[in-house]
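K.L.:
Coordinates in data.cif, mmCIF, C-alpha atoms, are listed below.
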data_work
#
loop_
_atom_site.label_atom_id
_atom_site.label_comp_id
_atom_site.auth_asym_id
_atom_site.auth_seq_id
_atom_site.Cartn_x
_atom_site.Cartn_y
_atom_site.Cartn_z
CA MET A 22 2.64 -30.26 -6.41
CA VAL A 23 2.81 -26.80 -8.00
CA ASN A 24 1.17 -23.93 -6.14
CA TRP A 25 -0.14 -21.84 -9.03
CA VAL A 26 -0.46 -18.66 -6.99
CA GLU A 27 3.12 -18.96 -5.76
CA ALA A 28 4.32 -19.77 -9.27
CA GLN A 29 3.19 -16.33 -10.47
CA GLU A 30 5.41 -14.51 -7.96
CA PRO A 31 8.61 -14.59 -10.09
CA ILE A 32 6.66 -13.17 -13.04
CA LEU A 33 5.30 -10.33 -10.91
CA HIS A 34 8.78 -9.63 -9.53
CA TRP A 35 10.12 -9.54 -13.09
CA LEU A 36 7.45 -7.02 -14.10
CA VAL A 37 8.12 -4.80 -11.08
CA ARG A 38 11.86 -4.87 -11.69
CA GLY A 39 11.23 -4.11 -15.36
CA ALA A 40 9.38 -1.00 -14.21
CA GLY A 41 12.53 0.20 -12.47
CA LEU A 42 11.79 -0.85 -8.88
CA ARG A 43 14.00 -2.90 -6.58
CA GLN A 44 13.16 -4.74 -3.39
CA GLN A 45 14.93 -3.37 -0.36
CA THR A 46 15.00 -4.19 3.33
CA ILE A 47 15.21 -1.20 5.66
CA GLU A 48 16.05 -1.62 9.34
CA ILE A 49 14.11 0.81 11.52
CA GLU A 50 15.58 -0.48 14.77
CA PRO A 51 17.03 -3.84 15.88
CA GLY A 52 14.32 -6.46 15.31
CA THR A 53 12.17 -4.16 13.16
CA VAL A 54 12.59 -4.21 9.38
CA ILE A 55 10.41 -3.06 6.50
CA SER A 56 10.56 -4.62 3.06
CA MET A 57 9.78 -2.14 0.31
CA TRP A 58 9.96 -1.88 -3.48
CA VAL A 59 11.70 1.40 -4.26
CA PRO A 60 13.07 3.20 -7.34
CA LYS A 61 16.39 1.62 -8.28
CA GLU A 62 18.11 4.99 -7.94
CA LYS A 63 17.19 5.00 -4.25
CA VAL A 64 18.83 1.62 -3.77
CA MET A 65 22.04 2.98 -5.26
CA ALA A 66 21.86 6.08 -3.08
CA THR A 67 21.25 4.19 0.17
CA ASN A 68 23.39 1.15 -0.66
CA LYS A 69 20.93 -1.25 0.98
CA GLU A 70 20.46 -3.80 -1.78
CA VAL A 71 22.73 -6.82 -1.44
CA VAL A 72 25.05 -7.07 -4.44
CA PRO A 73 28.07 -9.34 -5.01
CA ASP A 74 31.50 -7.87 -4.27
CA LEU A 75 33.43 -8.20 -7.53
CA SER A 76 36.60 -6.44 -6.40
CA SER A 77 39.51 -8.62 -5.38
CA ASP A 78 41.34 -6.15 -3.15
CA GLY A 79 38.68 -3.58 -2.26
CA SER A 80 40.27 -0.90 -4.44
CA CYS A 81 38.21 1.30 -6.73
CA ASP A 82 39.27 2.50 -10.12
CA GLU A 83 39.87 6.27 -9.81
CA GLU A 84 38.38 7.19 -13.18
CA GLU A 85 35.33 5.02 -12.61
CA ASP A 86 34.86 6.66 -9.22
CA LYS A 87 35.02 10.12 -10.77
CA ARG A 88 32.52 9.11 -13.44
CA LYS A 89 30.06 7.80 -10.86
CA LYS A 90 30.39 10.96 -8.76
CA LYS A 91 29.75 13.11 -11.82
CA LYS A 92 26.62 11.12 -12.75
CA LYS A 93 25.37 11.32 -9.16
CA LYS A 94 25.86 15.09 -9.19
CA GLN A 95 23.96 15.37 -12.48
CA ARG A 96 21.10 13.31 -11.08
CA GLY A 97 20.96 15.62 -8.09
CA LYS A 98 20.50 18.60 -10.38
CA GLU A 99 17.62 16.96 -12.20
CA LYS A 100 14.19 17.75 -10.89
CA GLU A 101 12.98 14.96 -8.64
CA LYS A 102 9.77 13.16 -9.46
CA PRO A 103 6.97 13.43 -6.88
CA ALA A 104 6.87 10.44 -4.54
CA VAL A 105 3.83 8.15 -4.34
CA VAL A 106 3.58 5.53 -1.57
CA LEU A 107 1.15 2.64 -2.21
CA VAL A 108 -0.02 1.09 1.08
CA HIS A 109 -1.73 -2.31 0.82
CA GLY A 110 -4.72 -3.78 2.62
CA PHE A 111 -5.11 -6.92 4.72
CA ALA A 112 -5.53 -9.66 2.13
CA ALA A 113 -2.19 -9.44 0.31
CA GLU A 114 1.26 -7.85 0.35
CA GLY A 115 2.21 -4.69 -1.51
CA ILE A 116 3.01 -5.65 -5.10
CA VAL A 117 0.14 -8.16 -5.24
CA THR A 118 -2.30 -5.48 -4.11
CA TRP A 119 -0.99 -2.82 -6.50
CA GLN A 120 -0.07 -4.98 -9.50
CA PHE A 121 -2.39 -3.00 -11.80
CA GLN A 122 -1.23 0.42 -10.60
CA PHE A 123 2.56 0.66 -10.39
CA GLY A 124 3.11 0.35 -14.14
CA VAL A 125 1.06 3.45 -15.00
CA LEU A 126 2.81 5.60 -12.40
CA VAL A 127 6.55 4.90 -12.65
CA SER A 128 7.24 7.15 -15.64
CA GLN A 129 6.07 10.30 -13.83
CA TYR A 130 6.45 9.44 -10.15
CA GLU A 131 8.84 7.84 -7.69
CA VAL A 132 6.80 4.82 -6.63
CA TYR A 133 7.30 3.12 -3.26
CA ILE A 134 5.45 -0.11 -2.41
CA PRO A 135 6.00 -1.16 1.22
CA ASP A 136 4.93 -4.33 2.97
CA LEU A 137 3.37 -3.57 6.34
CA PHE A 138 4.48 -5.64 9.32
CA PHE A 139 3.77 -9.39 9.01
CA PHE A 140 3.18 -9.09 5.29
CA GLY A 141 5.87 -9.95 2.76
CA GLY A 142 9.31 -9.50 4.29
CA SER A 143 8.40 -6.93 6.96
CA THR A 144 8.56 -7.94 10.59
CA THR A 145 8.99 -6.51 14.07
CA ALA A 146 9.92 -7.78 17.50
CA ALA A 147 7.97 -4.92 19.09
CA ALA A 148 4.70 -5.70 20.84
CA ASP A 149 2.82 -2.71 19.40
CA ARG A 150 0.23 -3.77 16.81
CA SER A 151 -1.51 -0.43 16.26
CA PRO A 152 -1.87 1.38 12.91
CA ALA A 153 0.03 4.25 14.53
CA PHE A 154 3.09 2.02 14.98
CA GLN A 155 2.85 0.87 11.36
CA ALA A 156 2.62 4.53 10.29
CA GLU A 157 5.55 5.66 12.44
CA CYS A 158 7.81 2.92 11.11
CA LEU A 159 6.76 3.45 7.50
CA ALA A 160 7.52 7.16 7.85
CA ALA A 161 10.89 6.30 9.38
CA ALA A 162 11.66 4.03 6.42
CA LEU A 163 10.77 6.80 3.98
CA ASP A 164 13.01 9.18 5.93
CA LYS A 165 15.89 6.75 5.50
CA LEU A 166 15.20 6.75 1.76
CA SER A 167 15.38 10.57 1.76
CA VAL A 168 11.72 10.96 0.78
CA ARG A 169 10.83 14.50 1.80
CA ARG A 170 7.21 14.76 0.63
CA CYS A 171 4.81 12.17 -0.74
CA THR A 172 1.27 11.28 -1.62
CA ALA A 173 0.12 8.27 0.38
CA VAL A 174 -2.33 5.97 -1.41
CA GLY A 175 -4.00 3.58 1.01
CA PHE A 176 -6.46 0.76 0.51
CA SER A 177 -8.60 -0.66 3.36
CA TYR A 178 -6.24 -1.41 6.30
CA GLY A 179 -3.56 0.51 4.41
CA GLY A 180 -5.91 3.49 4.30
CA MET A 181 -6.03 3.56 8.10
CA VAL A 182 -2.24 3.48 8.21
CA ALA A 183 -2.09 6.26 5.59
CA PHE A 184 -4.54 8.41 7.56
CA LYS A 185 -2.45 7.93 10.69
CA MET A 186 0.82 8.71 8.89
CA ALA A 187 -0.71 11.92 7.51
CA GLU A 188 -1.81 12.89 11.02
CA LEU A 189 1.55 12.11 12.64
CA ARG A 190 3.77 13.43 9.84
CA PRO A 191 2.10 16.29 7.94
CA ASP A 192 5.60 17.39 6.93
CA LEU A 193 6.01 14.12 5.01
CA VAL A 194 2.50 13.42 3.68
CA ARG A 195 1.33 16.26 1.44
CA SER A 196 -1.82 14.52 0.13
CA LEU A 197 -3.86 11.35 0.51
CA VAL A 198 -5.82 8.95 -1.66
CA VAL A 199 -7.90 6.50 0.38
CA SER A 200 -10.22 3.71 -0.76
CA GLY A 201 -12.47 1.42 1.28
CA SER A 202 -11.26 2.61 4.65
CA VAL A 203 -11.98 4.78 7.70
CA PHE A 204 -9.97 7.10 9.97
CA ALA A 205 -9.97 4.39 12.60
CA MET A 206 -11.91 1.18 13.24
CA THR A 207 -14.05 2.04 16.25
CA ASP A 208 -16.02 -0.60 18.13
CA SER A 209 -19.29 0.66 16.67
CA ILE A 210 -18.08 0.62 13.06
CA SER A 211 -16.52 -2.81 13.51
CA ARG A 212 -19.64 -4.34 15.04
CA ALA A 213 -22.04 -2.76 12.54
CA THR A 214 -19.93 -3.90 9.57
CA LEU A 215 -19.59 -7.47 10.83
CA ASP A 216 -23.29 -7.74 11.69
CA GLN A 217 -24.26 -6.48 8.25
CA LEU A 218 -21.97 -8.98 6.52
CA GLY A 219 -22.85 -11.87 8.79
CA PHE A 220 -19.43 -12.53 10.32
CA ALA A 221 -18.66 -13.07 13.99
CA SER A 222 -15.26 -11.38 13.98
CA SER A 223 -12.81 -9.47 11.82
CA SER A 224 -10.52 -12.50 11.81
CA GLU A 225 -13.28 -14.71 10.43
CA LEU A 226 -13.85 -12.21 7.61
CA LEU A 227 -10.28 -11.19 6.77
CA MET A 228 -8.32 -14.34 7.60
CA PRO A 229 -10.35 -17.25 6.21
CA GLU A 230 -9.09 -20.74 6.97
CA SER A 231 -11.12 -22.61 4.39
CA ILE A 232 -12.01 -22.41 0.71
CA LYS A 233 -15.58 -21.58 1.75
CA GLY A 234 -14.35 -18.70 3.91
CA LEU A 235 -12.16 -17.31 1.13
CA LYS A 236 -15.05 -17.48 -1.32
CA ALA A 237 -17.21 -15.58 1.19
CA LEU A 238 -14.53 -12.88 1.56
CA LEU A 239 -14.25 -12.40 -2.21
CA SER A 240 -18.02 -12.41 -2.55
CA VAL A 241 -18.47 -9.46 -0.18
CA SER A 242 -15.39 -7.68 -1.55
CA MET A 243 -16.31 -7.62 -5.23
CA TYR A 244 -19.22 -6.37 -7.29
CA LYS A 245 -18.81 -9.11 -9.89
CA LYS A 246 -19.05 -12.68 -8.71
CA LEU A 247 -16.05 -14.45 -10.20
CA TRP A 248 -15.52 -18.18 -10.49
CA PHE A 249 -12.20 -19.91 -9.86
CA PRO A 250 -11.47 -23.63 -9.46
CA ASP A 251 -11.12 -24.72 -5.85
CA PHE A 252 -7.43 -25.56 -6.22
CA LEU A 253 -6.66 -21.87 -6.85
CA TYR A 254 -8.49 -20.87 -3.66
CA LYS A 255 -6.48 -23.54 -1.81
CA ASP A 256 -3.21 -22.24 -3.28
CA TYR A 257 -4.10 -18.65 -2.34
CA LEU A 258 -4.84 -19.68 1.25
CA GLU A 259 -1.45 -21.37 1.53
CA VAL A 260 0.50 -18.40 0.16
CA MET A 261 -1.30 -15.23 1.27
CA PHE A 262 -2.42 -15.95 4.83
CA SER A 263 0.80 -16.56 6.73
CA ASN A 264 1.67 -15.06 10.14
CA ARG A 265 -1.89 -15.70 11.31
CA LYS A 266 -1.17 -15.13 15.00
CA GLU A 267 0.48 -11.76 14.39
CA ARG A 268 -2.15 -10.65 11.89
CA ALA A 269 -4.91 -11.53 14.35
CA GLU A 270 -3.10 -9.28 16.83
CA LEU A 271 -3.05 -6.51 14.21
CA LEU A 272 -6.84 -6.79 13.92
CA GLU A 273 -7.22 -6.63 17.70
CA GLY A 274 -4.93 -3.60 17.83
CA LEU A 275 -6.94 -2.00 15.06
CA VAL A 276 -10.05 -1.72 17.22
CA ASN A 277 -8.65 -1.62 20.74
CA SER A 278 -6.26 1.22 20.00
CA ASN A 279 -9.07 3.39 18.56
CA LYS A 280 -11.95 3.14 21.03
CA ASP A 281 -12.12 6.90 21.44
CA ALA A 282 -11.20 7.75 17.86
CA LYS A 283 -11.92 11.25 16.61
CA VAL A 284 -11.65 12.92 13.24
CA PRO A 285 -7.93 13.55 12.71
CA PRO A 286 -6.97 17.22 12.25
CA LEU A 287 -5.77 16.82 8.67
CA ASP A 288 -4.91 19.79 6.47
CA GLN A 289 -3.83 17.78 3.40
CA ARG A 290 -5.77 17.54 0.17
CA ILE A 291 -7.57 14.19 0.20
CA LEU A 292 -9.26 12.06 -2.45
CA LEU A 293 -11.71 9.43 -1.20
CA LEU A 294 -11.93 7.00 -4.13
CA TRP A 295 -14.75 4.52 -3.61
CA GLY A 296 -16.50 1.58 -5.18
CA GLU A 297 -20.22 2.38 -5.38
CA ASN A 298 -20.97 -1.20 -4.34
CA ASP A 299 -18.49 -1.49 -1.46
CA ASN A 300 -20.16 -3.83 1.04
CA ILE A 301 -17.49 -3.53 3.72
CA PHE A 302 -17.25 0.27 4.00
CA ASN A 303 -20.22 1.57 2.04
CA LEU A 304 -20.51 4.79 0.08
CA GLU A 305 -22.62 6.47 2.77
CA LEU A 306 -19.72 6.05 5.20
CA ALA A 307 -17.43 7.72 2.65
CA LYS A 308 -19.87 10.62 2.29
CA ASP A 309 -19.93 11.08 6.07
CA MET A 310 -16.12 11.11 6.15
CA LYS A 311 -16.00 13.71 3.40
CA GLU A 312 -18.24 16.01 5.44
CA GLN A 313 -16.12 15.48 8.55
CA LEU A 314 -12.82 16.08 6.76
CA GLY A 315 -13.90 19.35 5.20
CA GLU A 316 -13.53 21.29 1.98
CA LYS A 317 -10.09 19.99 1.01
CA THR A 318 -11.53 16.50 0.63
CA THR A 319 -13.07 15.18 -2.60
CA LEU A 320 -15.15 12.04 -3.03
CA GLN A 321 -15.17 10.13 -6.31
CA SER A 322 -17.06 6.88 -6.81
CA ILE A 323 -16.68 4.16 -9.42
CA LYS A 324 -19.73 2.31 -10.72
CA LYS A 325 -19.91 -1.47 -10.75
CA ALA A 326 -17.06 -1.76 -8.28
CA GLY A 327 -16.92 -3.16 -4.77
CA HIS A 328 -14.31 -3.00 -2.01
CA LEU A 329 -11.57 -4.24 -4.36
CA LEU A 330 -12.20 -1.45 -6.86
CA HIS A 331 -8.54 -1.13 -7.87
CA VAL A 332 -8.62 -4.80 -8.96
CA GLU A 333 -12.14 -4.90 -10.43
CA ARG A 334 -12.00 -1.59 -12.30
CA PRO A 335 -8.25 -0.81 -12.58
CA CYS A 336 -8.58 1.46 -15.60
CA ALA A 337 -11.23 3.64 -13.95
CA TYR A 338 -9.32 3.62 -10.65
CA ASN A 339 -6.05 4.58 -12.35
CA ARG A 340 -7.74 7.36 -14.30
CA HIS A 341 -9.03 9.01 -11.10
CA LEU A 342 -5.73 8.42 -9.31
CA LYS A 343 -3.60 9.93 -12.09
CA LYS A 344 -5.88 12.96 -12.38
CA PHE A 345 -5.56 13.66 -8.65
CA LEU A 346 -1.79 13.13 -8.66
CA ALA A 347 -1.45 15.50 -11.61
CA LEU A 348 -3.39 18.14 -9.67
CA ILE A 349 -1.09 17.73 -6.66
CA LYS A 350 1.94 17.84 -8.95
CA ASP A 351 0.75 21.12 -10.52
CA GLU A 352 0.12 22.64 -7.10
CA GLY A 353 3.65 21.66 -6.08
CA THR A 354 5.04 23.41 -9.16
CA GLU A 355 3.24 26.60 -8.23
CA GLU A 356 4.58 26.58 -4.67
#
Output the file's structure as structure tokens, nothing else.

P.N.:
Amino acid sequence: MVNWVEAQEPILHWLVRGAGLRQQTIEIEPGTVISMWVPKEKVMATNKEVVPDLSSDGSCDEEEDKRKKKKKKQRGKEKEKPAVVLVHGFAAEGIVTWQFQFGVLVSQYEVYIPDLFFFGGSTTAAADRSPAFQAECLAAALDKLSVRRCTAVGFSYGGMVAFKMAELRPDLVRSLVVSGSVFAMTDSISRATLDQLGFASSSELLMPESIKGLKALLSVSMYKKLWFPDFLYKDYLEVMFSNRKERAELLEGLVNSNKDAKVPPLDQRILLLWGENDNIFNLELAKDMKEQLGEKTTLQSIKKAGHLLHVERPCAYNRHLKKFLALIKDEGTEE
């Protein structure tokens, strides 16, 4: 029987490829690989995408080789686009999370859409499940792609990874956009959030095993209450909630590795972009973070939007995002 959620994947891949991105697997160390959608020029430069070998004897036409070298040199002279890294949350992999954002960014920015470990094609044999490990490996992958500076855009769990990457690698992360997230999930924040929402654990909230559980997750995540037939919920559960054991360990590492969390010493310009009706990390929490982060942090809220604001109100979200990115781009020009 057709899984209608899975059936949409080739269409989404076609759209992403049409926007000039290619899926690439980057080995960080033996047993640790990150799958990421990157600008097609980066695939050519790093030679990581698997392509068929059409040469019969391994020889290369001399004139063709000269032409390619000349084009590569010309590309190097062109001014590089600013890099934007879109870091997904816990409910879906990268391109599913950011399907309404990549298309409006690719003309002016180099867009990178990674899958964090145990999402999409990213996996690791390492035992570390902390956001810091995710951040370190993501930064290493970007280094391999010759990304020198970037704006990290993180949603929910991806926001925690983005915060950590900015803290660990200020040389790489020049600015941040974070939605529906915190610096780190402390015990107190975790317990207060779960009690407020009526869930016993993070796993029960974020990794539902039933149609009822998935409906509950969407209900607390969105301002508008949407209706879908039960077979779509069933299909989504089958496709999007794989690697349950490892993801449960990620949730444990999220809290246990941050018991004594403090405000990170960040010097980057930061945009906190929030849904006014976020029931998971409410607007008051965002206001507190803004005060803690200091004067280089701005808070913008979007009306009639919940935790999934980039899905519910994509036009409003994209408008705020593009305005901030343009500001960062102008500041980079002045440097």

K.L.:
For a test of reading the model, state the distance in Å between CA of Arg170 in chain A and CA of Arg334 in chain A, rounded to one decimal.

P.N.:
28.3 Å

K.L.:
May I have the protein, DNA and RNA residues with any atom at most 12 Å from the point (-20.4, -11.6, -6.3), counting only C-alpha atoms, written as a PyMOL selection string?

P.N.:
chain A and resi 236-248+298-300+325-329+333

K.L.:
Applied to the shown file, which residues does the PyMOL selection byres ((chain A and resi 29-41) around 12) return, written as an MDAnalysis selection string?

P.N.:
chainID A and resid 23:28 42:45 57:64 114:134 141 253 256:257 260:261

K.L.:
Grab all the atoms of range 322-332 of chain A that the file lists, wrap them in a box along x, y and z, add 4 Å per side, and give me centre plus edge lengths in Å (one decimal) as AutoDock Vina command-line options.

P.N.:
--center_x -14.2 --center_y 1.0 --center_z -6.4 --size_x 19.4 --size_y 19.7 --size_z 16.7

K.L.:
What do you get, as a PyMOL selection string, if you spell out every residue that the PyMOL selection byres ((chain A and resi 318) around 12) selects here?

P.N.:
chain A and resi 196-199+287-294+307-317+319-321+345

K.L.:
Can you spell out as a PyMOL selection string the set of residues that the PyMOL selection byres ((chain A and resi 186) around 9) selects in the structure I just provided?

P.N.:
chain A and resi 152-153+155-157+159-160+173+181-185+187-191+193-194

K.L.:
Which is closer to Ile349 in chain A than all the others in A:Lys165, A:Cys171, A:Asp192, A:Gly296, using all atoms listed in the file?

P.N.:
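Ranked by minimum distance to Ile349 in chain A, first place goes to A:Cys171.
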
K.L.:
Between CA of Glu48 in chain A and CA of Arg150 in chain A, measure the distance and give it in Å to one decimal.

P.N.:
17.6 Å

K.L.:
Using only C-alpha atoms, which residue out of A:Leu163, A:Leu107, A:Val54, A:Ala112 lies closest to Ser263 in chain A?

P.N.:
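Closest residue, counting only C-alpha atoms: A:Ala112.
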
K.L.:
Quick one, how far is CA of Leu304 in chain A from CA of Val276 in chain A?

P.N.:
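Result for CA of Leu304 in chain A versus CA of Val276 in chain A: 21.1 Å, one decimal.
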
K.L.:
Quick one: everything within 9 Å of range 216-233 of chain A, counting only C-alpha atoms, minus sequence neighbours fewer than 5 positions away in the same chain. Send it as a list in words.

P.N.:
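The contact residues come out as Phe111, Ala112, Ser211, Leu238, Val241, Asp251, Phe252, Tyr254, Lys255, Leu258, Phe262, Arg265, Arg268, Ala269, Leu272, Glu273, Asn300 and Ile301 of chain A.
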